[in-house]
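Colleague: What follows is work_1.csv, made up of CSV, C-alpha atoms and all ligand atoms:
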```
chain,number,residue,atom,x,y,z
A,725,MET,CA,20.2,36.3,-83.1
A,726,ALA,CA,16.8,36.0,-81.4
A,727,ASN,CA,15.0,39.3,-81.5
A,728,GLN,CA,12.3,40.6,-79.1
A,729,ARG,CA,9.6,39.7,-81.6
A,730,ASN,CA,10.6,36.0,-81.5
A,731,ILE,CA,10.7,36.1,-77.7
A,732,GLU,CA,7.3,37.9,-77.5
A,733,ASP,CA,5.7,35.2,-79.8
A,734,TYR,CA,7.3,32.5,-77.6
A,735,TRP,CA,5.4,33.8,-74.6
A,736,CYS,CA,2.4,35.5,-76.1
A,737,ASP,CA,1.2,33.4,-79.0
A,738,ALA,CA,-1.5,31.0,-77.9
A,739,GLU,CA,-0.1,28.4,-80.4
A,740,SER,CA,3.5,28.6,-79.2
A,741,PRO,CA,4.9,25.3,-77.7
A,742,LYS,CA,5.8,27.2,-74.5
A,743,VAL,CA,2.2,28.4,-74.0
A,744,GLN,CA,0.8,25.1,-75.0
A,745,LEU,CA,3.0,23.4,-72.4
A,746,TRP,CA,1.8,25.9,-69.8
A,747,PHE,CA,-1.8,25.0,-70.7
A,748,ARG,CA,-1.1,21.3,-70.3
A,749,ASN,CA,0.7,21.8,-66.9
A,750,GLU,CA,-2.2,24.0,-65.8
A,751,GLU,CA,-4.6,21.1,-66.1
A,752,SER,CA,-2.7,19.0,-63.6
A,753,TRP,CA,-1.5,21.9,-61.3
A,754,SER,CA,-3.0,22.1,-57.8
A,755,PRO,CA,-2.3,24.7,-55.1
A,756,GLU,CA,-2.1,21.8,-52.6
A,757,ASP,CA,0.5,19.8,-54.6
A,758,GLU,CA,3.5,19.3,-52.3
A,759,ARG,CA,5.9,20.0,-55.2
A,760,TRP,CA,4.3,23.4,-55.4
A,761,THR,CA,3.8,24.2,-51.7
A,762,THR,CA,7.4,23.4,-50.8
A,763,ARG,CA,8.9,25.4,-53.7
A,764,PRO,CA,11.3,28.0,-52.0
A,765,ASP,CA,9.7,31.0,-53.5
A,766,VAL,CA,6.2,29.8,-52.6
A,767,THR,CA,7.3,29.1,-49.1
A,768,PHE,CA,8.9,32.5,-48.7
A,769,VAL,CA,5.8,34.3,-50.0
A,770,ARG,CA,3.4,32.3,-47.8
A,771,GLU,CA,5.5,32.3,-44.6
A,772,PHE,CA,7.3,35.7,-44.7
A,773,LEU,CA,6.4,38.2,-47.5
A,774,ALA,CA,2.6,38.0,-47.7
A,775,PRO,CA,2.1,38.4,-43.9
A,776,ARG,CA,4.6,41.2,-43.7
A,777,PHE,CA,2.9,43.1,-46.5
A,778,SER,CA,-0.7,42.5,-45.3
A,779,GLY,CA,-2.9,45.5,-46.2
A,780,ARG,CA,-0.1,47.0,-48.3
A,781,ARG,CA,0.4,47.3,-52.1
A,782,VAL,CA,2.3,44.5,-53.8
A,783,LEU,CA,3.0,44.1,-57.5
A,784,ASP,CA,3.6,40.5,-58.7
A,785,LEU,CA,5.4,41.0,-62.0
A,786,GLY,CA,5.5,38.3,-64.7
A,787,ALA,CA,2.8,36.5,-62.7
A,788,GLY,CA,2.0,34.0,-65.4
A,789,SER,CA,-1.3,32.3,-64.9
A,790,GLY,CA,-1.6,33.6,-61.3
A,791,ARG,CA,-0.5,30.7,-59.2
A,792,PHE,CA,0.6,33.1,-56.4
A,793,VAL,CA,-2.6,35.1,-56.3
A,794,HIS,CA,-4.3,33.0,-53.5
A,795,LEU,CA,-1.1,33.2,-51.4
A,796,TRP,CA,-1.0,37.0,-51.4
A,797,ARG,CA,-4.7,37.3,-50.9
A,798,ALA,CA,-4.7,34.8,-47.9
A,799,ALA,CA,-2.8,37.6,-46.1
A,800,GLU,CA,-5.1,40.3,-47.5
A,801,VAL,CA,-2.3,41.9,-49.5
A,802,GLU,CA,-3.6,44.7,-51.9
A,803,LEU,CA,-2.4,42.8,-55.0
A,804,VAL,CA,-1.8,43.7,-58.6
A,805,SER,CA,-0.4,40.9,-60.8
A,806,ALA,CA,1.0,41.8,-64.2
A,807,ASP,CA,2.1,39.9,-67.3
A,808,TRP,CA,2.4,40.5,-71.0
A,809,SER,CA,1.1,37.2,-72.4
A,810,PRO,CA,-2.6,37.4,-73.5
A,811,PRO,CA,-3.3,33.7,-73.1
A,812,LEU,CA,-1.7,33.6,-69.6
A,813,LEU,CA,-3.4,36.9,-68.7
A,814,LYS,CA,-6.8,35.4,-69.3
A,815,MET,CA,-6.1,32.8,-66.5
A,816,LEU,CA,-4.4,35.5,-64.4
A,817,GLU,CA,-7.5,37.7,-64.7
A,818,GLU,CA,-9.8,34.9,-63.7
A,819,ARG,CA,-7.7,34.0,-60.6
A,820,SER,CA,-7.4,37.6,-59.6
A,821,ARG,CA,-11.1,38.3,-59.9
A,822,ALA,CA,-11.9,35.1,-57.9
A,823,HIS,CA,-9.6,36.3,-55.1
A,824,GLY,CA,-10.6,40.0,-55.1
A,825,ALA,CA,-7.3,41.2,-56.7
A,826,ARG,CA,-6.4,43.1,-59.9
A,827,SER,CA,-4.4,42.1,-62.9
A,828,GLU,CA,-2.8,44.3,-65.6
A,829,ALA,CA,-1.2,43.8,-69.0
A,830,LEU,CA,2.3,45.0,-69.0
A,831,ASP,CA,5.5,44.5,-71.1
A,832,ILE,CA,8.1,45.6,-68.6
A,833,THR,CA,10.7,46.2,-71.3
A,834,LYS,CA,8.5,49.0,-72.7
A,835,GLY,CA,7.4,50.9,-69.5
A,836,PRO,CA,6.1,50.8,-66.0
A,837,LEU,CA,2.6,51.0,-64.6
A,838,ALA,CA,1.8,54.5,-63.5
A,839,GLU,CA,1.6,53.4,-59.8
A,840,GLU,CA,3.9,52.8,-56.9
A,841,PHE,CA,4.0,49.6,-54.8
A,842,ASP,CA,5.3,48.9,-51.3
A,843,LEU,CA,6.8,45.7,-52.7
A,844,VAL,CA,7.7,44.6,-56.2
A,845,PHE,CA,8.0,40.9,-56.4
A,846,ALA,CA,9.0,38.7,-59.4
A,847,THR,CA,9.8,35.0,-59.4
A,848,MET,CA,11.1,33.0,-62.3
A,849,PHE,CA,10.9,36.3,-64.3
A,850,LEU,CA,14.1,38.3,-64.7
A,851,ILE,CA,15.7,35.2,-66.1
A,852,HIS,CA,13.4,35.5,-69.1
A,853,LEU,CA,14.3,39.1,-70.0
A,854,HIS,CA,16.7,39.3,-73.0
A,855,PRO,CA,20.2,40.7,-72.1
A,856,SER,CA,19.6,43.6,-74.4
A,857,LYS,CA,16.4,44.5,-72.5
A,858,ILE,CA,17.3,43.8,-68.9
A,859,ARG,CA,18.5,47.3,-68.1
A,860,ALA,CA,15.4,48.9,-69.4
A,861,ALA,CA,13.3,46.5,-67.5
A,862,ILE,CA,15.2,47.1,-64.2
A,863,ARG,CA,14.7,50.9,-64.7
A,864,ASN,CA,11.0,50.4,-65.2
A,865,ILE,CA,10.7,48.2,-62.1
A,866,ASP,CA,12.6,50.8,-60.1
A,867,ARG,CA,10.0,53.5,-61.1
A,868,MET,CA,7.2,51.4,-59.5
A,869,ALA,CA,9.0,50.4,-56.3
A,870,SER,CA,8.7,52.7,-53.3
A,871,ARG,CA,11.2,50.8,-51.2
A,872,HIS,CA,11.2,47.0,-51.2
A,873,LEU,CA,11.9,44.4,-54.0
A,874,CYS,CA,12.1,40.6,-54.0
A,875,PHE,CA,13.2,38.4,-56.8
A,876,THR,CA,14.3,34.9,-57.5
A,877,THR,CA,17.1,34.7,-60.0
A,878,TRP,CA,19.1,32.1,-61.9
A,879,SER,CA,22.5,32.6,-63.5
A,880,GLU,CA,25.4,30.6,-64.8
A,881,PRO,CA,29.0,31.8,-64.2
A,882,GLY,CA,30.0,34.0,-67.1
A,883,CYS,CA,27.0,36.2,-67.7
A,884,TYR,CA,26.4,37.9,-71.0
A,885,ASP,CA,24.4,41.1,-70.5
A,886,ASP,CA,24.3,43.3,-73.5
A,887,GLU,CA,25.4,40.5,-75.8
A,888,GLY,CA,23.6,38.6,-78.5
A,889,THR,CA,22.2,35.1,-78.1
A,890,GLU,CA,20.1,32.6,-80.0
A,891,LYS,CA,18.1,31.7,-76.9
A,892,LEU,CA,14.5,32.6,-76.3
A,893,GLN,CA,14.4,32.1,-72.6
A,894,SER,CA,16.7,31.4,-69.5
A,895,PHE,CA,19.2,34.2,-69.9
A,896,SER,CA,22.0,34.5,-67.4
A,897,HIS,CA,22.4,38.0,-66.0
A,898,ASP,CA,25.0,39.7,-63.7
A,899,TYR,CA,22.5,40.6,-61.0
A,900,PRO,CA,24.9,42.1,-58.4
A,901,THR,CA,26.0,44.7,-61.0
A,902,LEU,CA,22.5,45.3,-62.4
A,903,PHE,CA,21.0,45.9,-58.9
A,904,ALA,CA,23.9,48.1,-57.8
A,905,GLU,CA,23.5,50.3,-60.9
A,906,VAL,CA,20.0,51.3,-59.8
A,907,GLY,CA,21.0,51.6,-56.1
A,908,TRP,CA,19.1,48.5,-54.8
A,909,LYS,CA,20.8,47.3,-51.6
A,910,PRO,CA,20.6,43.6,-50.8
A,911,ILE,CA,19.2,42.7,-47.4
A,912,LEU,CA,19.0,39.0,-48.3
A,913,ASN,CA,20.9,37.3,-51.1
A,914,VAL,CA,20.6,33.5,-50.5
A,915,GLY,CA,21.0,30.3,-52.4
A,916,VAL,CA,17.8,28.4,-52.9
A,917,ALA,CA,17.2,24.8,-54.1
A,918,TYR,CA,14.4,24.0,-56.5
A,919,GLY,CA,13.2,20.4,-56.4
A,920,GLU,CA,15.6,17.5,-56.4
A,921,LYS,CA,18.2,19.3,-58.5
A,922,SER,CA,20.2,21.2,-56.0
A,923,LEU,CA,21.1,24.4,-57.8
A,924,GLU,CA,21.8,26.6,-54.8
A,925,GLU,CA,24.7,28.3,-56.5
A,926,LYS,CA,22.7,29.2,-59.5
A,927,ASN,CA,19.2,29.9,-58.0
A,928,ARG,CA,19.1,32.8,-55.6
A,929,LEU,CA,16.5,34.7,-53.6
A,930,TRP,CA,17.0,38.4,-53.2
A,931,TYR,CA,15.3,40.9,-50.9
A,932,LEU,CA,16.4,44.4,-51.6
A,933,GLU,CA,15.8,47.9,-50.4
A,934,LYS,CA,16.1,51.1,-52.5
A,935,GLY,CA,19.0,53.2,-51.5
B,1001,LIG,C1,8.4,31.2,-66.0
B,1001,LIG,S1,7.0,32.3,-66.0
B,1001,LIG,C2,6.8,32.6,-64.3
B,1001,LIG,C3,5.4,32.9,-63.9
B,1001,LIG,C4,5.1,33.0,-62.4
B,1001,LIG,N1,6.0,34.1,-61.8
B,1001,LIG,C5,5.3,31.7,-61.6
B,1001,LIG,O1,6.3,31.5,-61.0
B,1001,LIG,O2,4.4,30.9,-61.7
B,1001,LIG,C6,7.6,33.8,-66.7
B,1001,LIG,C7,6.5,34.8,-67.0
B,1001,LIG,O3,7.1,36.1,-67.4
B,1001,LIG,C8,6.3,36.6,-68.4
B,1001,LIG,N2,7.1,37.6,-69.2
B,1001,LIG,C9,8.2,37.3,-69.9
B,1001,LIG,N3,8.6,38.5,-70.5
B,1001,LIG,C10,7.8,39.5,-70.0
B,1001,LIG,C11,7.8,40.9,-70.2
B,1001,LIG,N4,8.7,41.5,-71.1
B,1001,LIG,N5,6.9,41.6,-69.6
B,1001,LIG,C12,6.0,41.0,-68.8
B,1001,LIG,N6,5.9,39.7,-68.6
B,1001,LIG,C13,6.8,38.9,-69.2
B,1001,LIG,C14,5.8,35.4,-69.2
B,1001,LIG,O4,4.7,35.7,-70.0
B,1001,LIG,C15,5.6,34.4,-68.1
B,1001,LIG,O5,4.3,34.5,-67.6
```
Show me the file's structure as structure tokens.

Modeller:
Amino acid sequence: MANQRNIEDYWCDAESPKVQLWFRNEESWSPEDERWTTRPDVTFVREFLAPRFSGRRVLDLGAGSGRFVHLWRAAEVELVSADWSPPLLKMLEERSRAHGARSEALDITKGPLAEEFDLVFATMFLIHLHPSKIRAAIRNIDRMASRHLCFTTWSEPGCYDDEGTEKLQSFSHDYPTLFAEVGWKPILNVGVAYGEKSLEEKNRLWYLEKG
């Protein structure tokens, strides 16, 4: 079974194939690229969330190399972006500094930041938390959220929270149960399609309020 150490190396070791792939993608990534600007989570942040949270405190969790930083800052959100991967954090720090925002190193399975946010946002993130760690992560997220949360999720039918798996990424969680356990009430729970592959049934966007 994959352990947390294997998963940490996969995301955090600069030599890992995953991080190397991210570096290669970063070379060709552009904030103007239509494949990026039309992504549902990008559109939702730009058109709805960032303007709504203008001047308020937002945590972007598992922010990777910081591709969302300019979207939040264009609406003058008071932004903190967090990730656990030192090589990705380096890029995240640079982008945050360039846009007048903050970045923090954080492994969400180990604890929260000692701060509260008007909105905790995470896209393409919960999917990568191991089933044995997802409940600890959700509790830590809950401690930082004063009221609103927004996530994109992916899951196959037949989730396996609390079970073992050989996988290092893309875990399928039972989100309705996990969110209900901490008292997060869905305001929006909608299917979203990424790219040409229409995965509306698997990809969802959640906007939640603490009970
Ligand atoms: C698929 S990337 C998504 C990045 C960004 N949200 C985006 O859409 O561009 C997943 C991110 O989650 C981070 N991550 C995975 N496990 C984490 C953990 N336990 N604590 C903090 N960050 C984690 C990875 O380092 C990676 O940057």

Colleague: Hey, what's within 12 Å of Tyr734 in chain A if we count only C-alpha atoms and toss same-chain stuff fewer than 2 positions away? As a ChimeraX atom specification, please?

Modeller: /A:726-732,736-746,808-811,852,891-893

Colleague: Counting only C-alpha atoms and all ligand atoms, what are the residues, protein, DNA or RNA alike, that approach ligand LIG 1001 (chain B) to within 8 Å? I want them as an MDAnalysis selection string.

Modeller: chainID A and resid 731:732 735:736 784:792 806:809 812 829:834 846:850 852:853 861

Colleague: For the residues in that selection, give me C-alpha atoms as a PDB file, in the coordinates of the input.

Modeller:
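again-v8.pdb was written with the following content:
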```
ATOM      1  CA  ILE A 731      10.700  36.100 -77.700  1.00  0.00           C
ATOM      2  CA  GLU A 732       7.300  37.900 -77.500  1.00  0.00           C
ATOM      3  CA  TRP A 735       5.400  33.800 -74.600  1.00  0.00           C
ATOM      4  CA  CYS A 736       2.400  35.500 -76.100  1.00  0.00           C
ATOM      5  CA  ASP A 784       3.600  40.500 -58.700  1.00  0.00           C
ATOM      6  CA  LEU A 785       5.400  41.000 -62.000  1.00  0.00           C
ATOM      7  CA  GLY A 786       5.500  38.300 -64.700  1.00  0.00           C
ATOM      8  CA  ALA A 787       2.800  36.500 -62.700  1.00  0.00           C
ATOM      9  CA  GLY A 788       2.000  34.000 -65.400  1.00  0.00           C
ATOM     10  CA  SER A 789      -1.300  32.300 -64.900  1.00  0.00           C
ATOM     11  CA  GLY A 790      -1.600  33.600 -61.300  1.00  0.00           C
ATOM     12  CA  ARG A 791      -0.500  30.700 -59.200  1.00  0.00           C
ATOM     13  CA  PHE A 792       0.600  33.100 -56.400  1.00  0.00           C
ATOM     14  CA  ALA A 806       1.000  41.800 -64.200  1.00  0.00           C
ATOM     15  CA  ASP A 807       2.100  39.900 -67.300  1.00  0.00           C
ATOM     16  CA  TRP A 808       2.400  40.500 -71.000  1.00  0.00           C
ATOM     17  CA  SER A 809       1.100  37.200 -72.400  1.00  0.00           C
ATOM     18  CA  LEU A 812      -1.700  33.600 -69.600  1.00  0.00           C
ATOM     19  CA  ALA A 829      -1.200  43.800 -69.000  1.00  0.00           C
ATOM     20  CA  LEU A 830       2.300  45.000 -69.000  1.00  0.00           C
ATOM     21  CA  ASP A 831       5.500  44.500 -71.100  1.00  0.00           C
ATOM     22  CA  ILE A 832       8.100  45.600 -68.600  1.00  0.00           C
ATOM     23  CA  THR A 833      10.700  46.200 -71.300  1.00  0.00           C
ATOM     24  CA  LYS A 834       8.500  49.000 -72.700  1.00  0.00           C
ATOM     25  CA  ALA A 846       9.000  38.700 -59.400  1.00  0.00           C
ATOM     26  CA  THR A 847       9.800  35.000 -59.400  1.00  0.00           C
ATOM     27  CA  MET A 848      11.100  33.000 -62.300  1.00  0.00           C
ATOM     28  CA  PHE A 849      10.900  36.300 -64.300  1.00  0.00           C
ATOM     29  CA  LEU A 850      14.100  38.300 -64.700  1.00  0.00           C
ATOM     30  CA  HIS A 852      13.400  35.500 -69.100  1.00  0.00           C
ATOM     31  CA  LEU A 853      14.300  39.100 -70.000  1.00  0.00           C
ATOM     32  CA  ALA A 861      13.300  46.500 -67.500  1.00  0.00           C
TER      33      ALA A 861
END
```

Colleague: With a distance cut-off of 7 Å and all atoms listed in the file, select the neighbouring residues of Val916 in chain A, excluding the residue or stretch itself and same-chain residues fewer than 5 positions from it, and output the selection as number ranges by chain.

Modeller: A: 764, 924, 927-929

Colleague: Pick out the closest residue to Glu880 in chain A from this set: A:Glu925, A:Ser752, A:Phe845, A:Glu818. Count all atoms listed in the file.

Modeller: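 Smallest distance to Glu880 in chain A is found for A:Glu925.
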
Colleague: Could you tell me how far CA of Trp760 in chain A sits from CA of Phe841 in chain A, in Å to one decimal place?

Modeller: 26.2 Å
